$ cat final.cif   # mmCIF, C-alpha atoms
data_run
loop_
_atom_site.label_atom_id
_atom_site.label_comp_id
_atom_site.auth_asym_id
_atom_site.auth_seq_id
_atom_site.Cartn_x
_atom_site.Cartn_y
_atom_site.Cartn_z
CA MET A 1031 123.45 92.72 92.29
CA SER A 1032 122.93 89.43 90.51
CA GLN A 1033 119.94 87.26 91.40
CA MET A 1034 120.52 84.15 93.52
CA ASN A 1035 118.49 81.04 94.09
CA ILE A 1036 119.22 79.82 97.60
CA GLN A 1037 118.19 76.61 99.30
CA PRO A 1038 115.76 77.28 102.19
CA GLU A 1039 118.05 75.38 104.59
CA THR A 1040 120.98 77.65 103.71
CA LEU A 1041 118.88 80.79 103.96
CA ALA A 1042 117.45 79.79 107.35
CA ARG A 1043 120.89 78.96 108.74
CA GLU A 1044 122.48 82.22 107.55
CA PHE A 1045 119.50 84.28 108.68
CA ALA A 1046 119.55 82.77 112.20
CA LYS A 1047 123.29 83.27 112.40
CA GLY A 1048 123.01 86.92 111.29
CA VAL A 1049 120.22 87.66 113.76
CA CYS A 1050 122.19 86.13 116.63
CA ILE A 1051 125.39 87.97 115.72
CA GLN A 1052 123.53 91.27 115.90
CA PHE A 1053 121.60 90.47 119.07
CA PHE A 1054 124.36 88.85 121.13
CA GLU A 1055 126.84 91.65 120.43
CA SER A 1056 125.40 93.49 123.41
CA LYS A 1057 123.74 90.73 125.45
CA ASP A 1058 124.66 87.26 126.61
CA ARG A 1059 121.07 86.02 127.00
CA ALA A 1060 117.71 86.66 125.33
CA GLU A 1061 114.88 87.32 127.76
CA GLY A 1062 111.18 86.90 127.12
CA HIS A 1063 110.54 90.45 125.93
CA ASP A 1064 113.48 90.12 123.49
CA LEU A 1065 111.98 87.19 121.61
CA LEU A 1066 109.14 89.13 119.99
CA LYS A 1067 111.66 91.64 118.59
CA LEU A 1068 114.41 89.14 117.90
CA SER A 1069 114.34 89.15 114.09
CA PRO A 1070 112.73 91.33 111.39
CA SER A 1071 110.13 88.58 110.88
CA LEU A 1072 107.19 88.76 113.28
CA GLN A 1073 106.10 85.29 112.15
CA VAL A 1074 109.46 83.74 112.99
CA ASN A 1075 109.52 85.50 116.36
CA LEU A 1076 106.03 84.30 117.22
CA TRP A 1077 106.89 80.73 116.31
CA VAL A 1078 109.99 80.88 118.50
CA VAL A 1079 107.80 82.06 121.41
CA TYR A 1080 105.27 79.32 120.63
CA GLN A 1081 107.93 76.60 120.67
CA VAL A 1082 109.38 77.92 123.94
CA SER A 1083 105.91 77.84 125.52
CA GLN A 1084 105.29 74.31 124.23
CA GLN A 1085 108.63 73.12 125.58
CA TRP A 1086 107.87 74.77 128.91
CA ALA A 1087 104.57 72.86 129.14
CA ILE A 1088 106.44 69.61 128.48
CA GLU A 1089 109.02 70.40 131.14
CA MET A 1090 106.33 71.24 133.68
CA ASP A 1091 104.59 67.91 133.06
CA LYS A 1092 107.83 66.14 133.94
CA ILE A 1093 107.67 67.64 137.43
CA LYS A 1094 104.46 65.83 138.20
CA SER A 1095 104.95 62.59 140.08
CA PRO A 1096 102.75 59.58 140.92
CA TYR A 1097 103.91 59.90 144.52
CA PHE A 1098 102.13 63.21 145.06
CA ASP A 1099 98.59 64.48 144.53
CA PHE A 1100 98.78 67.28 141.99
CA GLU A 1101 94.97 67.51 141.89
CA LYS A 1102 94.72 68.93 145.40
CA GLN A 1103 93.53 72.52 145.24
CA GLN A 1104 96.46 73.94 147.23
CA VAL A 1105 98.95 72.02 145.11
CA LYS A 1106 97.27 73.11 141.87
CA GLU A 1107 97.34 76.74 142.96
CA ALA A 1108 100.98 76.57 144.01
CA PHE A 1109 101.90 74.75 140.81
CA THR A 1110 100.16 77.39 138.69
CA THR A 1111 101.85 80.22 140.60
CA PHE A 1112 105.25 78.61 140.12
CA ARG A 1113 104.65 77.99 136.41
CA ASN A 1114 103.54 81.57 135.80
CA LEU A 1115 106.42 83.00 137.80
CA VAL A 1116 109.08 81.05 135.92
CA SER A 1117 107.45 81.71 132.54
CA ARG A 1118 107.97 85.44 133.12
CA HIS A 1119 111.71 84.91 133.44
CA ILE A 1120 112.69 83.38 130.11
CA SER A 1121 116.47 83.53 129.63
CA VAL A 1122 118.08 81.79 126.65
CA LYS A 1123 121.72 81.58 125.63
CA ARG A 1124 122.84 81.79 122.01
CA GLU A 1125 123.78 78.10 121.74
CA VAL A 1126 120.18 77.21 122.58
CA LEU A 1127 118.41 80.02 120.75
CA GLU A 1128 120.22 79.92 117.40
CA PRO A 1129 119.20 76.34 116.47
CA LEU A 1130 115.61 77.12 117.50
CA LEU A 1131 115.62 80.31 115.44
CA GLU A 1132 117.02 78.42 112.44
CA GLN A 1133 114.37 75.73 112.80
CA GLU A 1134 111.47 78.20 112.93
CA THR A 1135 112.91 80.29 110.08
CA LEU A 1136 113.07 77.20 107.90
CA ARG A 1137 109.47 76.33 108.79
CA TYR A 1138 108.41 79.86 107.90
CA ILE A 1139 110.19 79.80 104.53
CA ASN A 1140 108.66 76.43 103.63
CA TRP A 1141 105.24 77.59 104.83
CA VAL A 1142 105.38 80.65 102.55
CA LEU A 1143 106.48 78.53 99.60
CA HIS A 1144 104.15 75.57 100.29
CA PRO A 1145 101.09 76.82 102.21
CA GLY A 1146 99.15 73.58 101.69
CA GLU A 1147 101.71 71.56 103.63
CA LEU A 1148 101.55 73.19 107.07
CA GLU A 1149 100.74 69.90 108.81
CA ASN A 1150 104.00 68.41 107.53
CA ILE A 1151 106.06 71.58 107.89
CA ALA A 1152 104.97 72.46 111.44
CA PRO A 1153 102.88 69.73 113.09
CA GLY A 1154 100.46 71.15 115.62
CA LEU A 1155 100.62 74.75 114.43
CA ARG A 1156 97.39 74.38 112.48
CA ASN A 1157 95.55 74.29 115.81
CA ALA A 1158 97.64 76.97 117.50
CA GLU A 1159 96.01 80.21 118.60
CA LEU A 1160 95.69 82.66 115.73
CA LYS A 1161 97.89 85.13 117.61
CA TYR A 1162 100.84 82.91 116.64
CA LEU A 1163 99.89 82.85 112.95
CA LYS A 1164 100.54 85.92 110.82
CA THR A 1165 100.85 84.24 107.42
CA TYR A 1166 97.90 83.08 105.28
CA THR A 1167 95.68 83.73 108.30
CA GLN A 1168 92.43 83.73 106.33
CA SER A 1169 93.05 80.19 105.07
CA ILE A 1170 94.14 79.01 108.52
CA GLU A 1171 91.11 80.51 110.26
CA LYS A 1172 88.73 78.81 107.84
CA TRP A 1173 90.64 75.55 108.26
CA GLN A 1174 90.36 75.76 112.03
CA ASN A 1175 86.70 76.75 112.13
CA GLU A 1176 85.24 74.83 109.21
CA GLU A 1177 87.74 72.01 108.64
CA ILE A 1178 88.07 73.22 105.04
CA TRP A 1179 91.40 74.12 103.47
CA GLU A 1180 91.24 76.88 100.86
CA SER A 1181 94.55 77.65 99.23
CA PRO A 1182 95.66 81.30 99.49
CA THR A 1183 95.16 83.39 96.37
CA GLU A 1184 98.06 84.06 94.02
CA GLN A 1185 98.10 87.64 95.28
CA GLU A 1186 98.38 86.46 98.88
CA LYS A 1187 101.20 84.10 97.95
CA PHE A 1188 102.99 86.87 96.09
CA LEU A 1189 102.70 89.25 99.04
CA ALA A 1190 103.87 86.57 101.49
CA LEU A 1191 106.91 85.89 99.32
CA LYS A 1192 107.63 89.59 99.02
CA ARG A 1193 107.37 90.03 102.79
CA LEU A 1194 109.67 87.06 103.34
CA SER A 1195 112.21 88.44 100.89
CA ASP A 1196 112.13 91.87 102.55
CA GLU A 1197 112.61 90.34 106.00
CA MET A 1198 115.52 88.19 104.89
CA GLN A 1199 117.25 91.09 103.19
CA GLN A 1200 117.25 93.14 106.41
CA ILE A 1201 119.70 90.60 107.82
CA LEU A 1202 121.22 89.26 104.58
CA PRO A 1203 121.36 92.14 102.09
CA GLN A 1204 123.64 90.10 99.84
CA PHE A 1205 120.73 87.81 99.02
CA ASN A 1206 118.78 90.00 96.64
CA SER A 1207 116.15 87.36 96.01
CA MET A 1208 115.78 83.92 97.55
CA ALA A 1209 113.35 82.66 94.93
CA GLU A 1210 111.81 83.63 91.66
CA PRO A 1211 107.99 83.68 91.43
CA THR A 1212 106.56 81.02 89.13
CA PRO A 1213 105.64 82.77 85.89
CA GLU A 1214 102.07 82.48 84.63
CA GLN A 1215 101.54 80.07 81.76
CA PRO A 1216 101.56 82.16 78.54
CA SER A 1217 98.74 81.90 76.03
CA LYS A 1218 99.52 80.53 72.58
CA ALA A 1219 99.84 84.03 71.21
CA GLU A 1220 102.36 84.88 73.91
CA ILE A 1221 104.61 81.83 73.66
CA PRO A 1222 108.08 83.21 72.93
CA SER A 1223 110.07 82.03 69.98
CA GLU A 1224 113.26 80.06 70.51
CA LYS A 1225 115.24 83.11 69.45
CA LYS A 1226 113.80 85.26 72.26
CA PRO A 1227 113.63 83.35 75.53
CA VAL A 1228 111.75 85.13 78.29
CA ARG A 1229 113.22 85.18 81.80
CA PRO A 1230 110.74 85.07 84.72
CA LYS A 1231 110.41 88.38 86.50
CA SER A 1232 112.21 88.74 89.80
CA ILE A 1233 110.34 89.87 92.89
CA ASN A 1234 111.70 93.40 92.59
CA GLU A 1235 110.79 93.61 88.90
CA SER A 1236 107.28 92.38 89.57
CA LEU A 1237 106.79 94.92 92.34
CA ALA A 1238 107.61 97.71 89.92
CA VAL A 1239 104.37 96.86 88.10
CA LYS A 1240 102.03 97.21 91.07
CA LYS A 1241 102.95 98.27 94.58
CA SER A 1242 101.08 96.90 97.56
CA LEU A 1243 98.68 99.05 99.56
CA THR A 1244 101.07 99.39 102.48
CA GLU A 1245 103.86 100.55 100.16
CA ASN A 1246 101.60 103.28 98.78
CA LEU A 1247 100.81 104.71 102.22
CA THR A 1248 102.44 107.92 103.31
CA LEU A 1249 103.82 108.13 106.84
CA ASN A 1250 100.85 110.28 107.88
CA GLN A 1251 98.41 107.76 106.45
CA LYS A 1252 100.11 104.88 108.24
CA LEU A 1253 99.91 106.68 111.55
CA MET A 1254 96.32 107.81 110.97
CA PHE A 1255 95.00 104.40 109.87
CA GLN A 1256 96.91 102.57 112.59
CA SER A 1257 95.65 104.92 115.32
CA LYS A 1258 92.07 105.51 114.16
CA LEU A 1259 91.11 102.27 112.40
CA PHE A 1260 93.20 99.41 113.77
CA GLY A 1261 93.45 99.95 117.51
CA GLY A 1262 96.98 101.33 117.37
CA SER A 1263 98.41 98.06 116.02
CA PRO A 1264 100.71 98.29 112.96
CA GLU A 1265 100.64 94.49 112.64
CA GLU A 1266 96.82 94.51 112.55
CA MET A 1267 96.80 97.24 109.92
CA ASN A 1268 99.39 95.57 107.70
CA GLN A 1269 97.68 92.21 107.92
CA ALA A 1270 94.30 93.76 107.11
CA LEU A 1271 95.60 95.63 104.06
CA ASN A 1272 97.66 92.69 102.80
CA THR A 1273 94.62 90.41 102.98
CA ALA A 1274 92.29 93.01 101.45
CA GLU A 1275 94.51 93.56 98.41
CA GLY A 1276 94.70 89.81 97.85
CA LEU A 1277 90.94 89.58 97.27
CA GLU A 1278 89.35 89.58 93.83
CA ASN A 1279 87.94 93.09 93.68
CA PHE A 1280 87.11 96.25 95.61
CA ASP A 1281 83.68 95.02 96.76
CA LYS A 1282 85.09 91.84 98.31
CA ALA A 1283 87.91 93.78 99.94
CA LEU A 1284 85.39 96.25 101.37
CA ASP A 1285 83.19 93.44 102.69
CA PHE A 1286 86.25 91.87 104.35
CA LEU A 1287 87.21 95.13 106.10
CA LYS A 1288 83.62 95.76 107.20
CA THR A 1289 83.23 92.25 108.57
CA ARG A 1290 86.55 91.96 110.34
CA PHE A 1291 87.43 95.48 111.47
CA ALA A 1292 84.67 98.10 111.06
CA GLY A 1293 82.52 96.75 113.89
CA ARG A 1294 85.42 95.84 116.16
CA TYR A 1295 86.97 99.32 115.98
CA LYS A 1296 83.69 101.23 115.50
CA TRP A 1297 84.51 102.81 112.14
CA ASP A 1298 82.54 105.88 111.13
CA PHE A 1299 82.35 105.75 107.35
CA GLU A 1300 81.95 109.53 107.12
CA THR A 1301 85.29 110.30 108.75
CA GLU A 1302 88.39 111.37 106.85
CA GLU A 1303 90.41 108.27 107.72
CA VAL A 1304 87.80 105.77 106.48
CA THR A 1305 87.10 107.79 103.35
CA GLU A 1306 90.80 108.06 102.56
CA LEU A 1307 91.38 104.33 103.13
CA LEU A 1308 88.52 103.38 100.81
CA GLU A 1309 89.77 105.80 98.15
CA LEU A 1310 93.19 104.15 98.28
CA LEU A 1311 91.59 100.72 98.09
CA GLU A 1312 89.43 101.69 95.13
CA HIS A 1313 92.43 103.17 93.33
CA TYR A 1314 94.42 99.99 93.99
CA PHE A 1315 91.82 97.76 92.30
CA SER A 1316 91.29 100.17 89.39
CA ARG A 1317 94.91 99.87 88.22
#
$ encode --input "final.cif" --output "structure tokens"
Amino acid sequence: MSQMNIQPETLAREFAKGVCIQFFESKDRAEGHDLLKLSPSLQVNLWVVYQVSQQWAIEMDKIKSPYFDFEKQQVKEAFTTFRNLVSRHISVKREVLEPLLEQETLRYINWVLHPGELENIAPGLRNAELKYLKTYTQSIEKWQNEEIWESPTEQEKFLALKRLSDEMQQILPQFNSMAEPTPEQPSKAEIPSEKKPVRPKSINESLAVKKSLTENLTLNQKLMFQSKLFGGSPEEMNQALNTAEGLENFDKALDFLKTRFAGRYKWDFETEEVTELLELLEHYFSR
């Protein structure tokens, strides 16, 4: 299939449309539990949930009136009960959900392509809870805690773009690649002659050079690591491995895993699962 360069707006619109066609074939409304599984992109789904929760907070504030005392304890308790009850009964029709899904997909695409512009792309999301942020989380966490923005590494950007491409292709298989990675600047000795122009590698071609850690895992390894090392969460495991492989070397990746996960999940470094994970990590950085 030939490569295509597609505008983010077009990709977001077609992706949202494709997701809704699939989902609303069997349902006429999306309920709360549906939103987290709505599309192949966890990040898009989380941002949809975040926007729904933000809109709900705005709608609840409209209920408050200067004619009544909403600070009274009984009123506050009743108001909280009502808010929580209704929030558990999300029900959204396609004509409302599709534009929201398109909006958040576009934000996600632009965020992957331009990580330094989150404030412009999605105002307010910088300060959102980390549970809503599954892309460039290391940079975001440092930004939130230390007020310092550190751009994601080239490896992190590459992996984010690969993940985005994979997610889009699950709904839009005709779009083999939405963007080409920016090629590294060649040294003088590598500058091609005019007779032999060099085309930038596509995402799929680049991946043939070096697979990610998660791609190298067998099914048994995925299940073992997920169950024994990451609290049963596939998202936690994938995020951990994607971040680790984006670091400069094995030692820094190991320090990251020790700091963020070993203590939390009580890793025993003499067990088979930890030993096997570190062997895979070491092999990854030795290539």
$ closest_residue --input "final.cif" --among "A:Trp1077, A:Tyr1166, A:Phe1045, A:Tyr1097" --to "Arg1137 (chain A)" --atoms "only C-alpha atoms"
A:Trp1077
$ residues_near_point --input "final.cif" --point "(119.7, 79.4, 122.1)" --cutoff "12 Å" --atoms "all atoms listed in the file" --output "VMD selection string"
chain A and resid 1046 to 1047 1049 to 1050 1053 to 1054 1058 to 1061 1065 1068 1078 1082 1120 to 1133
$ closest_atom_pairs --input "final.cif" --of "region 1051-1167 of chain A" --to "region 1251-1273 of chain A" --cutoff "12 Å" --atoms "only C-alpha atoms" --output "Markdown table"
| residue | atom | partner | partner_atom | distance |
| --- | --- | --- | --- | --- |
| A:Ser1071 | CA | A:Glu1265 | CA | 11.3 |
| A:Leu1072 | CA | A:Glu1265 | CA | 8.7 |
| A:Gln1073 | CA | A:Glu1265 | CA | 10.7 |
| A:Lys1161 | CA | A:Glu1266 | CA | 10.7 |
| A:Leu1163 | CA | A:Gln1269 | CA | 10.9 |
| A:Lys1164 | CA | A:Gln1269 | CA | 7.5 |
| A:Thr1165 | CA | A:Gln1269 | CA | 8.6 |
| A:Tyr1166 | CA | A:Thr1273 | CA | 8.4 |
| A:Thr1167 | CA | A:Thr1273 | CA | 8.6 |
$ write_last_selection --input "final.cif" --atoms "C-alpha atoms" --output "mmCIF file, in the coordinates of the input"
data_model
loop_
_atom_site.group_PDB
_atom_site.id
_atom_site.type_symbol
_atom_site.label_atom_id
_atom_site.label_comp_id
_atom_site.auth_asym_id
_atom_site.auth_seq_id
_atom_site.Cartn_x
_atom_site.Cartn_y
_atom_site.Cartn_z
ATOM 1 C CA SER A 1071 110.130 88.580 110.880
ATOM 2 C CA LEU A 1072 107.190 88.760 113.280
ATOM 3 C CA GLN A 1073 106.100 85.290 112.150
ATOM 4 C CA LYS A 1161 97.890 85.130 117.610
ATOM 5 C CA LEU A 1163 99.890 82.850 112.950
ATOM 6 C CA LYS A 1164 100.540 85.920 110.820
ATOM 7 C CA THR A 1165 100.850 84.240 107.420
ATOM 8 C CA TYR A 1166 97.900 83.080 105.280
ATOM 9 C CA THR A 1167 95.680 83.730 108.300
#
$ closest_residue --input "final.cif" --among "A:Leu1310, A:Leu1277, A:Ile1201, A:Ile1139" --to "Leu1243 (chain A)" --atoms "all atoms listed in the file"
A:Leu1310
$ atom_distance --input "final.cif" --atom1 "CA of Gln1185 (chain A)" --atom2 "CA of Asp1298 (chain A)"
28.7 Å
$ resolve_selection --input "final.cif" --expression "the PyMOL selection byres ((chain A and resi 1184) around 12)" --output "MDAnalysis selection string"
chainID A and resid 1142:1143 1145 1166 1181:1183 1185:1191 1211:1214 1273 1275:1278
$ axis_aligned_box --input "final.cif" --around "region 1181-1198 of chain A" --padding-each-side "5 Å" --output "lines of an AutoDock Vina configuration file"
center_x = 105.0
center_y = 84.8
center_z = 100.0
size_x = 31.0
size_y = 24.2
size_z = 22.0
$ atom_distance --input "final.cif" --atom1 "CA of Glu1147 (chain A)" --atom2 "CA of Met1198 (chain A)"
21.7 Å
$ resolve_selection --input "final.cif" --expression "the PyMOL selection byres ((chain A and resi 1151-1155) around 10)" --output "JSON list (two decimals) with C-alpha atoms, keeping the file's coordinate frame"
[["chain", "number", "residue", "atom", "x", "y", "z"],
["A", 1077, "TRP", "CA", 106.89, 80.73, 116.31],
["A", 1080, "TYR", "CA", 105.27, 79.32, 120.63],
["A", 1081, "GLN", "CA", 107.93, 76.60, 120.67],
["A", 1134, "GLU", "CA", 111.47, 78.20, 112.93],
["A", 1136, "LEU", "CA", 113.07, 77.20, 107.90],
["A", 1137, "ARG", "CA", 109.47, 76.33, 108.79],
["A", 1138, "TYR", "CA", 108.41, 79.86, 107.90],
["A", 1139, "ILE", "CA", 110.19, 79.80, 104.53],
["A", 1140, "ASN", "CA", 108.66, 76.43, 103.63],
["A", 1141, "TRP", "CA", 105.24, 77.59, 104.83],
["A", 1144, "HIS", "CA", 104.15, 75.57, 100.29],
["A", 1145, "PRO", "CA", 101.09, 76.82, 102.21],
["A", 1146, "GLY", "CA", 99.15, 73.58, 101.69],
["A", 1147, "GLU", "CA", 101.71, 71.56, 103.63],
["A", 1148, "LEU", "CA", 101.55, 73.19, 107.07],
["A", 1149, "GLU", "CA", 100.74, 69.90, 108.81],
["A", 1150, "ASN", "CA", 104.00, 68.41, 107.53],
["A", 1156, "ARG", "CA", 97.39, 74.38, 112.48],
["A", 1157, "ASN", "CA", 95.55, 74.29, 115.81],
["A", 1158, "ALA", "CA", 97.64, 76.97, 117.50],
["A", 1159, "GLU", "CA", 96.01, 80.21, 118.60],
["A", 1160, "LEU", "CA", 95.69, 82.66, 115.73],
["A", 1162, "TYR", "CA", 100.84, 82.91, 116.64],
["A", 1163, "LEU", "CA", 99.89, 82.85, 112.95],
["A", 1170, "ILE", "CA", 94.14, 79.01, 108.52]]
$ atom_distance --input "final.cif" --atom1 "CA of Val1079 (chain A)" --atom2 "CA of Arg1290 (chain A)"
25.9 Å
$ resolve_selection --input "final.cif" --expression "the PyMOL selection byres ((chain A and resi 1284-1289) around 10)" --output "ChimeraX atom specification"
/A:1270-1271,1273-1275,1277,1279-1283,1290-1294,1296-1297,1308,1311-1312
$ closest_residue --input "final.cif" --among "A:Gln1037, A:Ser1095, A:Gln1200, A:Asn1246" --to "Gln1052 (chain A)" --atoms "only C-alpha atoms"
A:Gln1200
$ closest_residue --input "final.cif" --among "A:Arg1193, A:Ser1316, A:Thr1301, A:Asn1250" --to "Pro1070 (chain A)" --atoms "all atoms listed in the file"
A:Arg1193
